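J.: Structure: structure07.cif, mmCIF, C-alpha atoms.
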```cif
data_work
loop_
_atom_site.label_atom_id
_atom_site.label_comp_id
_atom_site.auth_asym_id
_atom_site.auth_seq_id
_atom_site.Cartn_x
_atom_site.Cartn_y
_atom_site.Cartn_z
CA MET N 1 0.00 0.00 0.00
CA LEU N 2 1.50 3.33 -1.06
CA VAL N 3 0.55 6.29 1.16
CA LEU N 4 1.27 9.91 0.27
CA VAL N 5 2.15 12.03 3.32
CA ILE N 6 1.99 15.72 2.47
CA GLY N 7 1.05 19.09 3.94
CA ASP N 8 1.85 22.73 4.62
CA PHE N 9 0.94 23.86 1.10
CA HIS N 10 0.01 27.45 2.06
CA ILE N 11 -1.51 28.02 -1.39
CA PRO N 12 -1.96 30.87 -2.38
CA HIS N 13 -0.82 32.83 0.71
CA ARG N 14 2.86 31.80 0.82
CA SER N 15 3.24 29.79 -2.38
CA PRO N 16 1.67 29.80 -5.86
CA GLY N 17 1.47 26.00 -6.05
CA LEU N 18 3.14 22.61 -6.10
CA PRO N 19 6.38 22.20 -8.05
CA GLU N 20 5.68 20.80 -11.53
CA LYS N 21 8.05 17.87 -10.90
CA PHE N 22 5.81 16.78 -7.99
CA LYS N 23 2.71 16.96 -10.17
CA SER N 24 4.35 14.62 -12.69
CA LEU N 25 5.07 12.10 -9.90
CA LEU N 26 1.71 12.31 -8.13
CA VAL N 27 -0.49 10.68 -10.74
CA PRO N 28 -3.84 8.97 -10.14
CA GLY N 29 -3.79 5.21 -9.68
CA ARG N 30 -0.46 4.86 -7.86
CA ILE N 31 -1.37 6.21 -4.42
CA HIS N 32 -3.75 4.23 -2.18
CA HIS N 33 -4.23 6.78 0.63
CA VAL N 34 -3.31 10.43 1.25
CA LEU N 35 -2.49 11.77 4.72
CA CYS N 36 -2.40 15.57 4.83
CA THR N 37 -1.02 17.52 7.80
CA GLY N 38 -3.14 20.57 6.99
CA ASN N 39 -2.53 24.11 5.79
CA LEU N 40 -4.03 23.39 2.38
CA CYS N 41 -5.55 26.89 2.69
CA ASN N 42 -8.02 26.49 -0.16
CA GLU N 43 -10.54 24.03 -1.56
CA GLU N 44 -8.67 23.66 -4.86
CA THR N 45 -5.71 22.03 -3.09
CA TYR N 46 -8.02 19.53 -1.42
CA ASP N 47 -9.66 18.81 -4.79
CA TYR N 48 -6.19 18.22 -6.28
CA LEU N 49 -5.39 15.66 -3.55
CA ARG N 50 -8.70 13.90 -4.23
CA SER N 51 -7.81 13.75 -7.93
CA ILE N 52 -4.70 11.72 -6.98
CA CYS N 53 -6.61 9.39 -4.66
CA SER N 54 -10.18 9.40 -3.36
CA ASP N 55 -9.07 8.22 0.11
CA VAL N 56 -7.78 11.48 1.69
CA THR N 57 -7.44 12.17 5.41
CA VAL N 58 -6.80 15.81 6.41
CA VAL N 59 -6.29 17.49 9.79
CA GLN N 60 -6.58 21.14 10.75
CA GLY N 61 -3.59 23.36 10.09
CA ASP N 62 -3.16 26.62 11.92
CA VAL N 63 -4.21 28.72 8.88
CA ASP N 64 -6.74 26.48 7.09
CA GLU N 65 -9.92 28.18 5.92
CA ARG N 66 -11.98 24.98 6.09
CA ALA N 67 -12.57 23.25 9.43
CA TRP N 68 -10.93 19.81 9.72
CA PRO N 69 -10.51 17.61 12.82
CA ASP N 70 -7.50 18.54 14.98
CA THR N 71 -6.21 14.97 15.04
CA ARG N 72 -7.08 11.70 13.35
CA VAL N 73 -6.04 8.08 13.69
CA VAL N 74 -6.29 5.74 10.71
CA THR N 75 -5.37 2.08 10.42
CA LEU N 76 -3.22 1.27 7.41
CA GLY N 77 -2.27 -2.39 7.20
CA ASP N 78 -1.29 -3.38 10.74
CA LEU N 79 -0.25 0.15 11.69
CA ARG N 80 -2.20 2.75 13.65
CA VAL N 81 -1.19 6.07 12.12
CA GLY N 82 -1.85 9.27 14.05
CA LEU N 83 -2.12 12.52 12.14
CA CYS N 84 -1.89 16.11 13.38
CA HIS N 85 -0.63 19.42 12.06
CA GLY N 86 1.91 19.91 14.83
CA HIS N 87 0.81 23.23 16.33
CA GLN N 88 -0.67 21.14 19.16
CA VAL N 89 2.83 20.12 20.32
CA VAL N 90 4.25 22.47 22.96
CA PRO N 91 7.09 23.23 22.93
CA ALA N 92 7.14 22.90 19.14
CA GLY N 93 9.11 19.88 17.92
CA ASP N 94 9.99 18.68 21.43
CA ARG N 95 10.47 14.92 21.14
CA ASP N 96 9.07 14.20 24.60
CA ALA N 97 5.94 16.28 23.87
CA VAL N 98 5.61 14.53 20.49
CA ALA N 99 5.95 11.13 22.20
CA MET N 100 3.26 12.08 24.74
CA LEU N 101 0.82 12.97 21.94
CA GLN N 102 1.71 9.77 20.10
CA ARG N 103 1.01 7.70 23.24
CA GLU N 104 -2.31 9.53 23.78
CA MET N 105 -3.29 8.68 20.19
CA ASP N 106 -2.00 5.10 20.62
CA ALA N 107 -0.26 5.48 17.26
CA ASP N 108 2.54 3.29 15.96
CA VAL N 109 3.39 6.06 13.50
CA LEU N 110 2.75 9.76 14.09
CA VAL N 111 2.57 12.05 11.07
CA MET N 112 2.83 15.74 11.83
CA GLY N 113 3.71 18.95 10.01
CA GLY N 114 4.07 22.59 10.92
CA SER N 115 7.86 22.97 10.77
CA HIS N 116 8.10 22.91 6.94
CA ALA N 117 11.20 20.69 7.29
CA PHE N 118 11.41 16.95 6.62
CA GLU N 119 12.10 14.77 9.64
CA ALA N 120 11.72 11.06 10.33
CA TYR N 121 12.89 9.24 13.42
CA LYS N 122 12.26 6.29 15.70
CA HIS N 123 11.50 7.07 19.34
CA GLU N 124 10.26 4.81 22.14
CA GLY N 125 9.64 1.95 19.68
CA ARG N 126 7.43 4.13 17.49
CA PHE N 127 8.01 6.20 14.36
CA VAL N 128 7.49 9.93 13.69
CA ILE N 129 7.33 11.54 10.25
CA ASN N 130 7.17 15.19 9.22
CA PRO N 131 6.90 15.51 5.42
CA GLY N 132 7.93 19.18 5.40
CA SER N 133 6.19 21.69 3.14
CA ALA N 134 4.83 20.40 -0.17
CA THR N 135 5.52 23.76 -1.80
CA GLY N 136 8.60 24.92 0.13
CA ALA N 137 6.44 27.67 1.62
CA PHE N 138 8.04 30.36 3.78
CA HIS N 139 8.56 29.56 7.46
CA PRO N 140 10.04 32.15 9.83
CA LEU N 141 12.51 29.67 11.37
CA LEU N 142 13.90 28.31 8.07
CA LYS N 143 16.22 30.09 5.68
CA ASP N 144 15.30 28.13 2.53
CA PRO N 145 12.51 25.56 2.95
CA VAL N 146 12.80 22.75 0.41
CA PRO N 147 9.58 21.39 -1.11
CA GLY N 148 8.92 17.79 -0.12
CA PHE N 149 6.56 14.97 0.61
CA VAL N 150 6.86 11.41 1.90
CA LEU N 151 5.73 8.14 0.39
CA LEU N 152 5.03 5.46 2.97
CA ASP N 153 5.36 1.99 1.55
CA ILE N 154 3.33 -0.07 3.99
CA ASP N 155 3.99 -3.49 2.42
CA GLY N 156 7.45 -3.19 0.91
CA THR N 157 6.69 -2.58 -2.77
CA LYS N 158 8.93 -0.43 -4.94
CA LEU N 159 8.54 3.34 -4.51
CA LEU N 160 9.83 5.47 -7.38
CA ASP N 161 12.21 5.47 -10.32
CA GLY N 162 13.79 8.45 -11.99
CA ASP N 163 15.90 11.45 -11.12
CA VAL N 164 14.12 12.41 -7.90
CA LYS N 165 16.08 11.90 -4.70
CA VAL N 166 14.54 9.09 -2.65
CA ASP N 167 15.68 8.17 0.84
CA LYS N 168 14.43 4.95 2.38
CA ILE N 169 13.94 4.60 6.11
CA GLU N 170 12.56 1.34 7.45
CA PHE N 171 10.29 0.90 10.47
CA SER N 172 8.75 -2.30 11.73
CA LYS N 173 6.09 -2.32 14.39
CA PRO N 174 7.52 -4.09 17.46
CA ALA N 175 5.91 -7.42 18.34
CA PRO N 176 3.60 -7.26 21.37
CA SER N 177 5.41 -8.14 24.57
CA GLN N 178 4.60 -11.55 26.02
CA GLY N 179 3.65 -11.65 29.69
CA LEU N 180 5.05 -14.41 31.92
#
```
Have the structure of the file written as structure tokens, please.
T.:
Amino acid sequence: MLVLVIGDFHIPHRSPGLPEKFKSLLVPGRIHHVLCTGNLCNEETYDYLRSICSDVTVVQGDVDERAWPDTRVVTLGDLRVGLCHGHQVVPAGDRDAVAMLQREMDADVLVMGGSHAFEAYKHEGRFVINPGSATGAFHPLLKDPVPGFVLLDIDGTKLLDGDVKVDKIEFSKPAPSQGL
């Protein structure tokens, strides 16, 4: 199952749109689910995501015009995936605060945005992903945000070919502990 993780578009307030190279990669029929960390900022961006895949889950960004849920949990394969924009984490980006939210959501994987910078890491036997900004939109704490998104490959199939940089990070859900 191929899952697109994307967010922080800020169209049209901070960015005119997605890079054309992304549009050529994000074609209908390849993606099975879309997880969006919010800040779409307009209905056209949501419609674009639905044109890629009809199964789209969105959470509320701090500047979204449309009201979305603050957090969501979806089950993809055997994984419980929590989704939030990230403005709920105080202090912002603090790994202990992120881990607390992830435990509250009982999520194996937590997807969050807000920082406009890609990040993926394992913590306390769980996994956290921030896809960055899909458009490379301005963020006051970053000098030059780089546009990005993440493809989660839930079952191990091939991701992408071509001249786009692809990094692969593996995460396996730990087996449940056996009581004595």
J.: The PyMOL selection byres ((chain N and resi 16-28) around 8) - which residues does that actually catch in the file I just gave you? List them as number ranges by chain.
T.: N: 9, 11-15, 29-31, 51-53, 134-135, 147
J.: Identify all residues satisfying the PyMOL selection byres ((chain N and resi 103-119) around 9) in the given file; provide them as an NGL selection string.
T.: :N and (5-8 or 35-39 or 61-62 or 71-74 or 79-87 or 92-93 or 98-102 or 120-121 or 125-134 or 136-139 or 141-142 or 145-150 or 173)
J.: Which centre and which edge lengths, in Å to one decimal, describe the axis-aligned box that holds all listed atoms of range 138-141 of chain N after 5 Å is added on each side, as lines of an AutoDock Vina configuration file?
T.:
```
center_x = 10.3
center_y = 30.9
center_z = 7.6
size_x = 14.5
size_y = 12.6
size_z = 17.6
```
J.: Between CA of Arg66 in chain N and CA of Leu152 in chain N, what is the distance in Å, rounded to a tenth?
T.: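 Between CA of Arg66 in chain N and CA of Leu152 in chain N the gap works out to 26.1 Å.
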J.: So that I can see what lies close to Gln60 in chain N, please list as a PyMOL selection string the residues with an atom at most 6 Å from it, counting all atoms listed in the file and leaving out residues fewer than 5 positions away in the same chain.
T.: chain N and resi 38+68-70
J.: Quick one: pull the distance between CA of Leu4 in chain N and CA of Ala97 in chain N, Å, one decimal.
T.: 24.9 Å
J.: Please compute the CA of Thr57 in chain N-CA of Leu40 in chain N distance, one decimal, in Å.
T.: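 Interatomic distance, CA of Thr57 in chain N to CA of Leu40 in chain N: 12.1 Å.
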J.: So, with only C-alpha atoms as the atoms that count, which of N:Ala67, N:Val34, N:Leu151, N:Cys41 lies closest to Ser54 in chain N?
T.: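 For Ser54 in chain N, the nearest of the given residues is N:Val34.
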